[in-house]
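Written out below as structure tokens is the structure these notes cover.
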Amino acid sequence: MRLGVHVGYWGLGLTSQQQLAIVQEAERLGYDSVWAAEAYGSDTATILAWLAAGTSTIKLGSAIFQIPARSAAMTAMTAATIDQLSGGRMLLGLGASGPQVAEGWHGQRYGKMLQRTREYVAVVRMALARERVVFRGETLELPLPDGPGKALKLTIAPVQERIPIYLAAIGPKNTALAGEIADGWIPTLFSPEHVAEFRGHLEEGATRAGRTLDGFDVAPTVNAFVTDDLDGARDAMRPYLALYVGGMGSRRQNFYNALVQRYGFEDAARAVQELYLAGKREEAAAALPAELIDLVSLCGPADVVRERMQIFREAGVGTLMISPMAWTLEERLDQLRRIAELAA
């Protein structure tokens with residue numbers, strides 16, 4: 001099981017040089033990859049290109065590029081450029097985002113996302129292979145049939161023969177799609193205890209494509225905080241989990257809330273959402289059961305975290321993306337070192 005460091009959304013409390021220092025230390029410690037996120041602040045592509053200049057071996061992952069934010073051709077251009085700049089270190093994570101961001105920020109209708117993702121990935125692969133892009137689908141058509149557009153191909157070549165594509169997914173159909181068309185899967189709030197259900201969906205997709213999951217990378221993002229104060233570690237997780245379970249999306253459509261309900265925390269998920277949407281964020285965080293926090297996080301004393309990491313390994317996780325839940329440079333570096341020691 002490889003370690004990755006997830007730096008999340010850029011600029012939250014640390015300077016750019018401090019963030020770079022964290023990634024450089026992760027590289028020194030043997031972390032395999034660094035992953036950056038985007039919502040409606042910093043964009044992932046710029047951060048990865050900047051990190052590429054300050055590192056030499058660590059792989060550079062987007063977790064994720066939002067599909068509604070870029071055309072498929074633009075994503076291929078960006079991935080190929082970063083791959084060239086970094087000497088072949090790009091890992092291309094893609095995700096559908098959500099209706100609030102897609103429609104409110106990017107002005108893109110959030111509909112037919114399964115089919116849109118399927119066709120988007122097909123065009124990205126075609127472009128990265130430097131084929132002349134001609135595509136006729138339900139959601140994408142290139143070139144447009146009623147104008148002067150012409151079929152083009154990428155003018156630069158990626159270093160890697162095939163840049164790995166990861167899909168972020170938590171729903172059953174999206175997870176199956178990852179198994180069908182992607183090289184890896186990025187789940188959020190991943191529970192290794194429920195891996196049989198997840199693997200069933202991945203295998204369903206792989207079977208549909210006539211392939212196996214050999215070499216397929218399961219790469220969850222996991223919040224981590226190693227400390228002898230178990231309750232304090234759980235409390236460090238609460239604001240993040242409350243945001244996702246309670247406030248990410250709407251009351252009618254919150255994918256993370258639905259996931260937690262599938263884990264068996266139906267009442268708690270509803271209570272957290274009601275409190276969060278009512279503006280009672282601290283109460284929402286306090287309403288999260290300790291059992292749920294322990295299920296989807298790495299928190300507590302070293303022996304507990306080491307045992308938990310082994311459970312993730314046995315569940316078939318190939319890349320464990322670590323997001324240290326610490327807020328100063330020194331604390332984050334300390335957490336990265338502790339996790340590396342426990343994984344050794």
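Chains: A, B, ... in order of the structure tokens. Residues: from 1 per chain. Ligands: from 1, in order shown.
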
Quiz prompt | Contacts of Arg211 in chain A at 12 Å (only C-alpha atoms; same-chain gap of 2+ positions) as a VMD selection string | solution = chain A and resid 179 to 183 202 to 209 213 to 216

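Distances here use only C-alpha atoms; by that measure, the residue among A:Ala224, A:Gln66, A:Arg337, A:Gln253 closest to Val305 in chain A is A:Ala224.
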
Quiz prompt | Residues within 8 Å of range 281-297 of chain A, only C-alpha atoms, excluding chain neighbours under 6 positions, as number ranges by chain | solution = A: 189-193, 222-224, 234, 237-239, 241-242, 246, 265, 268-269, 271-275

Self-check item: Per-residue DSSP, range 173-238 of chain A, filtered to strand (DSSP E or B), as a VMD selection string
Solution: chain A and resid 184 to 186 188 217 to 218 221 to 226
